[in-house]
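Below: the structure, in structure tokens.
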Amino acid sequence: MACFLGCSRHEPPADLTIINFVEPESLDPAIITAQADMRIVSGLFEGLTRLEPVAARAVPGLAERWEISPDGKTYTFHLRTNLQWSTGGPITADDVVYSWLRELDPATASDYAGQLYYLKNGEDFNTGKITNASLVGVHALDKFTVRAELIHPTLFFLDICAMPLTCVVPRQTIEKYGDQWLNARPLPVSGAYELAAWRLNDKVRLKKNPRYWDAANTQSEIIDILPVGTPNTALSLYERGQVDIVWDKELIPTELTDVLLKRPDFHTFTYLGTYFFRFNVTRKPFDDPRVRRALALAVDKERIVKKITRSGELTTSHLVPPGTANYAAPDGLGYNPELARQLLAQAGFPGGKGFPRFEYLFNAGAGGANLNENIAIELQQMWRDELGIEMEIRQVETQVFWGMQQRLEYALSKSSWIGDYNDANTFLGMFLSGDGNNQTGWSNSRYDELVHDANETTDPAAREKMFQQAETILIRDELPVVPLYIYVGINYFNTNRISGIWQNMLDDHPLRCIRKIKPRP
Amino acid sequence: MYFLRRIAFAIPLLLVISALAFALVHLAPGGPFDRERKPASPEIERNLRAKYHLDEPVWKQYGRYLGDLLHGDFGASMKYRNHSVSDIIAQGLPVSVLLGGLAFCFATAVGLPLGFFTAARRGRWPDYAGSLLAVLAVCIPSFVLAPALILVFAIKLGWLPVGLWSSPWHMILPPIALGSFFIGQVARILREGMLGAAQSEFVMAARAKGLGETTLLFKHVFRIALLPVVSYTGPMLADLLTGSFIVESIFQIPGIGVFLVNSTLNLDYPMIVGLSLLYALLLIGLNLAVDFAYTWLDPRVKYE
């Protein structure tokens, strides 16, 4: 009985309850990789810039202004002079430098350290080629000034300065507690919210940080974030009024999608993510671009979004989603089975004769939906009907899947990519020769040259053009990958009761802006 | 003496279990740090593997694990990198124990009377009705029962919360969903046991001596028939107390059951081994308790 009472903890009710997808792997800005985790961490820690809630563009955060040198390679940030940790004490330029170097420190082993390779010597420091941190291109000029020196003019650098990986973290706490530093109480934070409680698979409770520089505009005092991975449970909790907001696209029961999306409290939007599949171009016959083009031309993408995904996804022939900042993607290959058969015949497989059996590799999707499997079956059927070739499908455990894809132990594999920041480079940079995320065995020197040149220029129009030429090689000529559709994001909440959430491409919704305008019924 | 021997034997048994679990998880394809986004450089991966000693030979890793275990340290989770395995167990186990304990109380509180009643009315309609109920309870899986309970009592009637675990109101539906299978099992085992016991010679002797039917049923038949129920209770409690992936997921309960399943999917090596040991320890302990209960319930049973 003691436990019975002990377990019903006496906590004040939250002003806002949000379902955010599964238990965060970590709340350490340098460790997290999942987008859902980033939504929580962005409430706790802030970088030099932060994202505004409407279109998720980078605006001044801990830095109130900055200057960019004419060659676009030197950024001088001026911090606000009233910055404080939630536990008191000033946040200074040294804290910024510490946080960035920690991200790059090999001992931190951060998966996302590559996003700071734009800094001079960032890569060499991260890979241990140099050990002198003062050679890395980030320095405190004085208490309130940080200078970042970049290798290339990096047009999206201000977006990177808003990503959790560059957020400012408390040095003393980290040095004292090591990997357990997030369990320190009180935990010094630089963002709009303090971490009041973090109970595994139960909740993360955030409490307004009164020392945050913009605390006057923080809309809710206490926010509970619940880790829920089961779509039916998320929907039931929402329908019963136990939560206010559900904001992950995995949390809508697929069998109810049609009905639910007609309701006014279900909001869909085009998302900065693409579903595609990869060819392993080191395997015959997929080393022949004609074969890859033939398979792409025989895919009726409409059928996939109408029959399987059913949330209003846009089919796509290009990799970079529409709406990406400063970029309009070129058209790739459409649906043309006749041309597909001709190409396959030219490659030596008329009517699919002599085409070896091959395998399509995929993993089980999140939320229990068989999306990947259903798409695999659909592709199997299309290629059998249109091209007369036989494909086997093979599902493996997710963890096994990533390893096999990285080691090129596949012929075709299901893939997807969510952009890290709103720029074409987050998609196109992936297919540079030897990039860790390329995972197709494909390389093309002309493509590499175009992407590199695009990242050297400060002229946005010239940059767009070079990126378009590069993407044309990728999705019209060579096709190591075949894009299928652009993801749709889904949030559900009642707009008459909740304010401060806008649907944007990054599916980013700063917690500080959200407020309940009317209580739950 | 017998019990001391059993306890002493448990230690090498746990060692063997930990070694097997350790070897098997390392044999499984894939690794805990295989993920969609490849780190920017192979060095990052190397650093990560070195940090968790995955670059060492498995026997050396196991030695290190045992050394830590002797100090009561189950290691750090490789999936939830800000938490140690002990921390995760400390947070989740009490919740699962409470849920499992409530489910156990519910299962026995309903199952025992049901079994008793059906045996006492053997061959008449209450027996058939009760036995049908018991079969239904066994047949309907929790992933069907739980959503049905939510639909009726939480959504349609609005009496109880849909999920979460914060007040006594939240602790009604989940134990029912979890315990109903065991109601059926307990009732059926008790019924069979009582029918068997009713045929035994000592009951006939007691009846011949003129003992009343009610006294006979309660004092003699029931007590003997409880034995198979008790031996079933050991593994059943171990199952209940370590949580249920399905019930905990559906009701969004922060127990250990979800970790038990997810740790294997995530290949979170220290979690899998730690939770296997926990489960083994519970099973050994509860079986021991069952044996102990036997000596108390049945004077004929003696362990040398």
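In the structure tokens, chains take the letters A, B, ... in the order shown, each chain's residues start at 1, and ligands count up from 1 in the order shown.
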
Quick one: which chain A residues come within 8 Å of chain B, and what is the nearest atom pair for each with the distance in Å to one decimal, counting only C-alpha atoms, rows ordered by chain and ascending number, as a Markdown table?
```
| residue | atom | partner | partner_atom | distance |
| --- | --- | --- | --- | --- |
| A:Cys3 | CA | B:Leu98 | CA | 7.8 |
| A:Phe4 | CA | B:Pro168 | CA | 7.5 |
| A:Cys7 | CA | B:Ser166 | CA | 6.7 |
| A:Ser8 | CA | B:Ser167 | CA | 4.7 |
| A:Arg9 | CA | B:Ser166 | CA | 6.7 |
| A:Pro24 | CA | B:Tyr80 | CA | 7.6 |
| A:Glu25 | CA | B:Tyr80 | CA | 4.6 |
| A:Ser26 | CA | B:Tyr80 | CA | 5.9 |
| A:Leu27 | CA | B:Asn82 | CA | 7.8 |
| A:Asp28 | CA | B:Asn82 | CA | 7.9 |
| A:Pro106 | CA | B:Ile44 | CA | 6.5 |
| A:Ala107 | CA | B:Asn47 | CA | 6.5 |
| A:Ala109 | CA | B:Ile44 | CA | 5.1 |
| A:Ser110 | CA | B:Ile44 | CA | 6.9 |
| A:Asp111 | CA | B:Pro39 | CA | 4.6 |
| A:Tyr112 | CA | B:Pro39 | CA | 6.5 |
| A:Ala113 | CA | B:Ala40 | CA | 6.7 |
| A:Gly114 | CA | B:Ala40 | CA | 4.7 |
| A:Asn126 | CA | B:Ile44 | CA | 7.7 |
| A:Thr127 | CA | B:Glu43 | CA | 5.5 |
| A:Gly128 | CA | B:Glu43 | CA | 7.9 |
| A:Asp179 | CA | B:Asn82 | CA | 5.7 |
| A:Gln180 | CA | B:Asn82 | CA | 5.2 |
| A:Trp181 | CA | B:Asn82 | CA | 7.6 |
| A:Leu182 | CA | B:Asn82 | CA | 6.9 |
| A:Asn183 | CA | B:Asn82 | CA | 7.8 |
| A:Arg199 | CA | B:Gln91 | CA | 7.4 |
| A:Leu200 | CA | B:Pro254 | CA | 6.6 |
| A:Asn201 | CA | B:Pro254 | CA | 4.8 |
| A:Asp202 | CA | B:Pro254 | CA | 5.0 |
| A:Val228 | CA | B:Gln252 | CA | 6.8 |
| A:Gly229 | CA | B:Ser249 | CA | 7.9 |
| A:Thr230 | CA | B:Ser249 | CA | 6.8 |
| A:Asn232 | CA | B:Ile250 | CA | 7.8 |
| A:Thr233 | CA | B:Ile250 | CA | 5.8 |
| A:Ser236 | CA | B:Val162 | CA | 6.4 |
| A:Leu237 | CA | B:Val162 | CA | 5.8 |
| A:Glu239 | CA | B:Ile155 | CA | 7.8 |
| A:Arg240 | CA | B:Ile155 | CA | 6.3 |
| A:Gln242 | CA | B:Pro161 | CA | 7.9 |
| A:Glu397 | CA | B:Leu265 | CA | 7.2 |
| A:Thr398 | CA | B:Leu265 | CA | 7.7 |
| A:Gln399 | CA | B:Asp34 | CA | 5.7 |
| A:Val400 | CA | B:Gly30 | CA | 4.4 |
| A:Phe401 | CA | B:Gly30 | CA | 7.9 |
| A:Trp402 | CA | B:Arg35 | CA | 5.3 |
| A:Gly403 | CA | B:Asp34 | CA | 5.5 |
| A:Gln406 | CA | B:Lys38 | CA | 7.8 |
| A:Asp435 | CA | B:Ala40 | CA | 7.9 |
| A:Gly436 | CA | B:Lys38 | CA | 5.5 |
| A:Asn437 | CA | B:Lys38 | CA | 5.6 |
```

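Shell of Arg171 of chain A at 12 Å, with only C-alpha atoms counted and residues fewer than 4 places along the chain excluded, is Trp85, Ile91, Thr92, Asp94, Asp95, Val96, Val97, Tyr98, Ser99, Trp100, Leu101, Arg102, Glu175, Lys176, Tyr177, Gly178, Trp181, Leu182, Leu187, Pro188, Val189 and Ser190 of chain A.
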
Within 9 Å of segment 468-471 of chain A, counting only C-alpha atoms, which residues show up once you throw out same-chain ones fewer than 4 positions away? Write them as a ChimeraX atom specification, please.
/A:318-320,327-330,332,428,446-451,463-464,475-476

Can you spit out the residues from that selection as a short mmCIF file (atom, residue, chain, number, x, y, z; two decimals), in the first residue's frame, using all heavy atoms?
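New file out.cif:
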```
data_model
loop_
_atom_site.label_atom_id
_atom_site.label_comp_id
_atom_site.auth_asym_id
_atom_site.auth_seq_id
_atom_site.Cartn_x
_atom_site.Cartn_y
_atom_site.Cartn_z
N HIS A 318 12.48 13.60 -58.00
CA HIS A 318 13.76 14.16 -57.54
C HIS A 318 13.93 13.91 -56.06
O HIS A 318 12.98 13.62 -55.34
CB HIS A 318 13.85 15.65 -57.87
CG HIS A 318 12.60 16.42 -57.57
ND1 HIS A 318 12.28 16.82 -56.30
CD2 HIS A 318 11.59 16.83 -58.37
CE1 HIS A 318 11.12 17.46 -56.33
NE2 HIS A 318 10.68 17.47 -57.57
N LEU A 319 15.16 14.10 -55.60
CA LEU A 319 15.49 13.75 -54.22
C LEU A 319 15.20 14.90 -53.26
O LEU A 319 14.73 14.68 -52.14
CB LEU A 319 16.97 13.37 -54.14
CG LEU A 319 17.44 12.78 -52.83
CD1 LEU A 319 16.83 11.40 -52.61
CD2 LEU A 319 18.97 12.67 -52.80
N VAL A 320 15.49 16.13 -53.68
CA VAL A 320 15.33 17.27 -52.78
C VAL A 320 13.86 17.69 -52.77
O VAL A 320 13.29 17.94 -53.83
CB VAL A 320 16.23 18.45 -53.22
CG1 VAL A 320 16.12 19.60 -52.22
CG2 VAL A 320 17.68 17.99 -53.34
N TYR A 327 16.01 26.77 -53.54
CA TYR A 327 16.29 25.69 -54.48
C TYR A 327 15.00 25.13 -55.09
O TYR A 327 14.03 24.91 -54.38
CB TYR A 327 17.03 24.56 -53.77
CG TYR A 327 17.49 23.45 -54.69
CD1 TYR A 327 18.52 23.66 -55.59
CD2 TYR A 327 16.87 22.21 -54.68
CE1 TYR A 327 18.95 22.65 -56.44
CE2 TYR A 327 17.30 21.18 -55.52
CZ TYR A 327 18.33 21.42 -56.40
OH TYR A 327 18.75 20.42 -57.24
N ALA A 328 15.04 24.94 -56.42
CA ALA A 328 13.95 24.24 -57.09
C ALA A 328 14.55 23.03 -57.79
O ALA A 328 15.43 23.18 -58.65
CB ALA A 328 13.27 25.16 -58.10
N ALA A 329 14.14 21.85 -57.41
CA ALA A 329 14.76 20.63 -57.94
C ALA A 329 14.38 20.41 -59.40
O ALA A 329 13.26 20.75 -59.81
CB ALA A 329 14.33 19.43 -57.10
N PRO A 330 15.30 19.86 -60.21
CA PRO A 330 14.98 19.53 -61.61
C PRO A 330 14.11 18.28 -61.65
O PRO A 330 14.05 17.52 -60.69
CB PRO A 330 16.36 19.25 -62.20
CG PRO A 330 17.16 18.73 -61.05
CD PRO A 330 16.65 19.45 -59.83
N GLY A 332 13.11 14.55 -62.68
CA GLY A 332 13.82 13.30 -62.98
C GLY A 332 12.99 12.46 -63.93
O GLY A 332 12.28 13.00 -64.79
N LEU A 428 22.00 16.43 -51.19
CA LEU A 428 22.92 16.15 -52.29
C LEU A 428 24.32 15.80 -51.79
O LEU A 428 25.03 15.02 -52.43
CB LEU A 428 22.97 17.37 -53.24
CG LEU A 428 21.62 17.68 -53.90
CD1 LEU A 428 21.71 18.92 -54.78
CD2 LEU A 428 21.12 16.49 -54.71
N ARG A 446 32.12 14.26 -61.87
CA ARG A 446 31.45 15.48 -62.29
C ARG A 446 30.48 15.94 -61.18
O ARG A 446 30.38 17.12 -60.86
CB ARG A 446 30.70 15.23 -63.60
CG ARG A 446 29.86 16.36 -64.12
CD ARG A 446 30.71 17.44 -64.83
NE ARG A 446 29.89 18.61 -65.16
CZ ARG A 446 30.17 19.85 -64.79
NH1 ARG A 446 31.27 20.11 -64.10
NH2 ARG A 446 29.39 20.86 -65.13
N TYR A 447 29.78 14.98 -60.61
CA TYR A 447 28.84 15.26 -59.53
C TYR A 447 29.59 15.87 -58.34
O TYR A 447 29.20 16.91 -57.80
CB TYR A 447 28.13 13.96 -59.11
CG TYR A 447 27.12 14.12 -58.00
CD1 TYR A 447 25.81 14.49 -58.28
CD2 TYR A 447 27.47 13.89 -56.67
CE1 TYR A 447 24.88 14.62 -57.26
CE2 TYR A 447 26.54 14.02 -55.64
CZ TYR A 447 25.25 14.39 -55.95
OH TYR A 447 24.32 14.54 -54.94
N ASP A 448 30.69 15.23 -57.96
CA ASP A 448 31.48 15.72 -56.83
C ASP A 448 31.92 17.17 -57.06
O ASP A 448 31.81 18.01 -56.17
CB ASP A 448 32.74 14.85 -56.64
CG ASP A 448 32.40 13.44 -56.18
OD1 ASP A 448 31.21 13.19 -55.92
OD2 ASP A 448 33.32 12.61 -56.10
N GLU A 449 32.37 17.41 -58.29
CA GLU A 449 32.89 18.73 -58.63
C GLU A 449 31.78 19.78 -58.50
O GLU A 449 31.97 20.85 -57.91
CB GLU A 449 33.37 18.65 -60.08
CG GLU A 449 34.33 19.71 -60.53
CD GLU A 449 34.66 19.48 -62.01
OE1 GLU A 449 35.01 18.32 -62.38
OE2 GLU A 449 34.53 20.42 -62.79
N LEU A 450 30.59 19.45 -59.03
CA LEU A 450 29.48 20.41 -59.00
C LEU A 450 29.07 20.72 -57.56
O LEU A 450 28.85 21.88 -57.20
CB LEU A 450 28.28 19.86 -59.77
CG LEU A 450 28.39 19.95 -61.30
CD1 LEU A 450 27.38 19.03 -61.96
CD2 LEU A 450 28.18 21.40 -61.75
N VAL A 451 28.96 19.69 -56.73
CA VAL A 451 28.53 19.93 -55.34
C VAL A 451 29.59 20.74 -54.60
O VAL A 451 29.28 21.68 -53.86
CB VAL A 451 28.21 18.60 -54.62
CG1 VAL A 451 27.94 18.83 -53.14
CG2 VAL A 451 27.01 17.93 -55.26
N ARG A 463 24.80 29.01 -57.19
CA ARG A 463 24.82 27.82 -56.35
C ARG A 463 23.65 26.91 -56.71
O ARG A 463 23.80 25.69 -56.87
CB ARG A 463 24.74 28.27 -54.90
CG ARG A 463 24.89 27.18 -53.88
CD ARG A 463 25.04 27.81 -52.50
NE ARG A 463 25.20 26.79 -51.47
CZ ARG A 463 24.21 26.25 -50.78
NH1 ARG A 463 22.97 26.65 -51.01
NH2 ARG A 463 24.45 25.34 -49.87
N GLU A 464 22.46 27.53 -56.84
CA GLU A 464 21.28 26.73 -57.17
C GLU A 464 21.48 26.00 -58.50
O GLU A 464 21.16 24.83 -58.63
CB GLU A 464 20.04 27.64 -57.25
CG GLU A 464 18.78 26.85 -57.60
CD GLU A 464 17.54 27.72 -57.74
OE1 GLU A 464 17.69 28.95 -57.91
OE2 GLU A 464 16.44 27.16 -57.69
N ILE A 475 19.49 11.94 -60.60
CA ILE A 475 18.14 11.39 -60.73
C ILE A 475 17.65 11.25 -62.17
O ILE A 475 16.57 10.72 -62.41
CB ILE A 475 17.13 12.22 -59.92
CG1 ILE A 475 17.29 13.70 -60.21
CG2 ILE A 475 17.32 12.02 -58.42
CD1 ILE A 475 16.10 14.37 -60.65
N ARG A 476 18.43 11.70 -63.17
CA ARG A 476 18.03 11.54 -64.57
C ARG A 476 18.96 10.62 -65.32
O ARG A 476 18.53 9.79 -66.11
CB ARG A 476 18.03 12.91 -65.27
CG ARG A 476 16.65 13.47 -65.53
CD ARG A 476 16.69 14.56 -66.58
NE ARG A 476 16.10 14.09 -67.83
CZ ARG A 476 14.80 14.00 -68.03
NH1 ARG A 476 13.94 14.32 -67.08
NH2 ARG A 476 14.33 13.56 -69.18
#
```

Residues within 12 Å of Lys219 of chain B, only C-alpha atoms, excluding chain neighbours under 3 positions, as a PDB file with N, CA and C atoms, in the first residue's frame:
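out_22.pdb was written with the following content:
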```
ATOM      1  N   MET B 194      -8.969 -30.361  -7.453  1.00  0.00           N
ATOM      2  CA  MET B 194     -10.012 -30.702  -6.481  1.00  0.00           C
ATOM      3  C   MET B 194     -10.731 -31.977  -6.874  1.00  0.00           C
ATOM      4  N   ALA B 197      -8.397 -34.754  -5.975  1.00  0.00           N
ATOM      5  CA  ALA B 197      -8.264 -34.936  -4.529  1.00  0.00           C
ATOM      6  C   ALA B 197      -9.510 -35.587  -3.947  1.00  0.00           C
ATOM      7  N   ALA B 198     -10.673 -35.234  -4.550  1.00  0.00           N
ATOM      8  CA  ALA B 198     -11.931 -35.768  -4.026  1.00  0.00           C
ATOM      9  C   ALA B 198     -11.983 -37.294  -4.152  1.00  0.00           C
ATOM     10  N   VAL B 203      -9.627 -38.761   1.591  1.00  0.00           N
ATOM     11  CA  VAL B 203     -10.909 -38.050   1.575  1.00  0.00           C
ATOM     12  C   VAL B 203     -12.057 -39.046   1.816  1.00  0.00           C
ATOM     13  N   ALA B 206     -12.102 -39.825   5.387  1.00  0.00           N
ATOM     14  CA  ALA B 206     -12.676 -38.729   6.165  1.00  0.00           C
ATOM     15  C   ALA B 206     -14.192 -38.724   6.042  1.00  0.00           C
ATOM     16  N   LEU B 211     -17.316 -36.797   8.297  1.00  0.00           N
ATOM     17  CA  LEU B 211     -17.008 -35.370   8.203  1.00  0.00           C
ATOM     18  C   LEU B 211     -17.970 -34.704   7.219  1.00  0.00           C
ATOM     19  N   GLY B 212     -18.434 -33.515   7.558  1.00  0.00           N
ATOM     20  CA  GLY B 212     -19.377 -32.803   6.695  1.00  0.00           C
ATOM     21  C   GLY B 212     -18.735 -32.408   5.369  1.00  0.00           C
ATOM     22  N   GLU B 213     -19.554 -32.351   4.289  1.00  0.00           N
ATOM     23  CA  GLU B 213     -19.043 -32.057   2.941  1.00  0.00           C
ATOM     24  C   GLU B 213     -18.316 -30.721   2.891  1.00  0.00           C
ATOM     25  N   THR B 214     -18.879 -29.697   3.526  1.00  0.00           N
ATOM     26  CA  THR B 214     -18.291 -28.362   3.464  1.00  0.00           C
ATOM     27  C   THR B 214     -16.912 -28.355   4.118  1.00  0.00           C
ATOM     28  N   THR B 215     -16.838 -28.912   5.309  1.00  0.00           N
ATOM     29  CA  THR B 215     -15.554 -28.976   6.016  1.00  0.00           C
ATOM     30  C   THR B 215     -14.552 -29.761   5.184  1.00  0.00           C
ATOM     31  N   LEU B 216     -15.041 -30.847   4.630  1.00  0.00           N
ATOM     32  CA  LEU B 216     -14.176 -31.707   3.837  1.00  0.00           C
ATOM     33  C   LEU B 216     -13.575 -30.927   2.664  1.00  0.00           C
ATOM     34  N   PHE B 222      -9.502 -28.808  -0.752  1.00  0.00           N
ATOM     35  CA  PHE B 222      -8.978 -27.540  -1.265  1.00  0.00           C
ATOM     36  C   PHE B 222      -7.483 -27.425  -0.996  1.00  0.00           C
ATOM     37  N   ARG B 223      -7.092 -27.820   0.231  1.00  0.00           N
ATOM     38  CA  ARG B 223      -5.700 -27.642   0.611  1.00  0.00           C
ATOM     39  C   ARG B 223      -4.763 -28.467  -0.280  1.00  0.00           C
ATOM     40  N   ILE B 224      -5.137 -29.694  -0.558  1.00  0.00           N
ATOM     41  CA  ILE B 224      -4.322 -30.535  -1.423  1.00  0.00           C
ATOM     42  C   ILE B 224      -4.376 -30.044  -2.866  1.00  0.00           C
ATOM     43  N   ALA B 225      -5.563 -29.620  -3.307  1.00  0.00           N
ATOM     44  CA  ALA B 225      -5.730 -29.173  -4.691  1.00  0.00           C
ATOM     45  C   ALA B 225      -4.972 -27.880  -4.953  1.00  0.00           C
ATOM     46  N   LEU B 226      -4.627 -27.180  -3.886  1.00  0.00           N
ATOM     47  CA  LEU B 226      -3.900 -25.923  -4.044  1.00  0.00           C
ATOM     48  C   LEU B 226      -2.463 -26.167  -4.508  1.00  0.00           C
ATOM     49  N   LEU B 297       2.091 -26.702   3.028  1.00  0.00           N
ATOM     50  CA  LEU B 297       0.732 -27.097   2.627  1.00  0.00           C
ATOM     51  C   LEU B 297       0.513 -28.593   2.747  1.00  0.00           C
TER      52      LEU B 297
END
```

Separation of atom CA of Ile222 of chain A from atom CA of Asp15 of chain A, in Å and rounded to one decimal:
5.3 Å

Selection: 12 Å around Arg300 of chain B, only C-alpha atoms, excl. self and same-chain fewer than 5 positions, as a PyMOL selection string
chain B and resi 224+227+294-295

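Of the residues in segment 171-214 of chain A, those given alpha helix (DSSP H) by DSSP on the backbone are Arg171, Gln172, Thr173, Ile174, Glu175, Lys176 and Tyr177 of chain A.
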
Any chance you could export the current selection's N, CA, C and O atoms as an mmCIF file, in the first residue's frame?
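The new file selection.cif reads:
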```cif
data_model
loop_
_atom_site.group_PDB
_atom_site.id
_atom_site.type_symbol
_atom_site.label_atom_id
_atom_site.label_comp_id
_atom_site.auth_asym_id
_atom_site.auth_seq_id
_atom_site.Cartn_x
_atom_site.Cartn_y
_atom_site.Cartn_z
ATOM 1 N N ARG A 171 29.661 23.397 -18.837
ATOM 2 C CA ARG A 171 30.952 22.720 -18.751
ATOM 3 C C ARG A 171 31.185 22.055 -17.384
ATOM 4 O O ARG A 171 31.557 20.884 -17.312
ATOM 5 N N GLN A 172 30.962 22.823 -16.304
ATOM 6 C CA GLN A 172 31.304 22.297 -14.979
ATOM 7 C C GLN A 172 30.513 21.043 -14.649
ATOM 8 O O GLN A 172 31.047 20.064 -14.129
ATOM 9 N N THR A 173 29.205 21.069 -14.981
ATOM 10 C CA THR A 173 28.354 19.912 -14.692
ATOM 11 C C THR A 173 28.823 18.701 -15.487
ATOM 12 O O THR A 173 28.866 17.579 -14.970
ATOM 13 N N ILE A 174 29.169 18.922 -16.745
ATOM 14 C CA ILE A 174 29.578 17.804 -17.602
ATOM 15 C C ILE A 174 30.890 17.215 -17.107
ATOM 16 O O ILE A 174 31.059 15.997 -17.036
ATOM 17 N N GLU A 175 31.813 18.095 -16.714
ATOM 18 C CA GLU A 175 33.105 17.584 -16.239
ATOM 19 C C GLU A 175 32.955 16.856 -14.906
ATOM 20 O O GLU A 175 33.694 15.930 -14.613
ATOM 21 N N LYS A 176 31.975 17.265 -14.114
ATOM 22 C CA LYS A 176 31.799 16.640 -12.805
ATOM 23 C C LYS A 176 31.088 15.281 -12.915
ATOM 24 O O LYS A 176 31.472 14.324 -12.261
ATOM 25 N N TYR A 177 30.056 15.190 -13.760
ATOM 26 C CA TYR A 177 29.209 13.984 -13.756
ATOM 27 C C TYR A 177 29.417 13.045 -14.947
ATOM 28 O O TYR A 177 28.832 11.967 -14.996
#
```

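When only C-alpha atoms are used to compute distances to Leu195 of chain B, the closest of the residues B:Ser263, B:Thr108, B:Ser86, B:Thr118 turns out to be B:Thr118.
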
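Interatomic distance, atom CA of Asn262 of chain B against atom CA of Ala90 of chain B: 17.2 Å.
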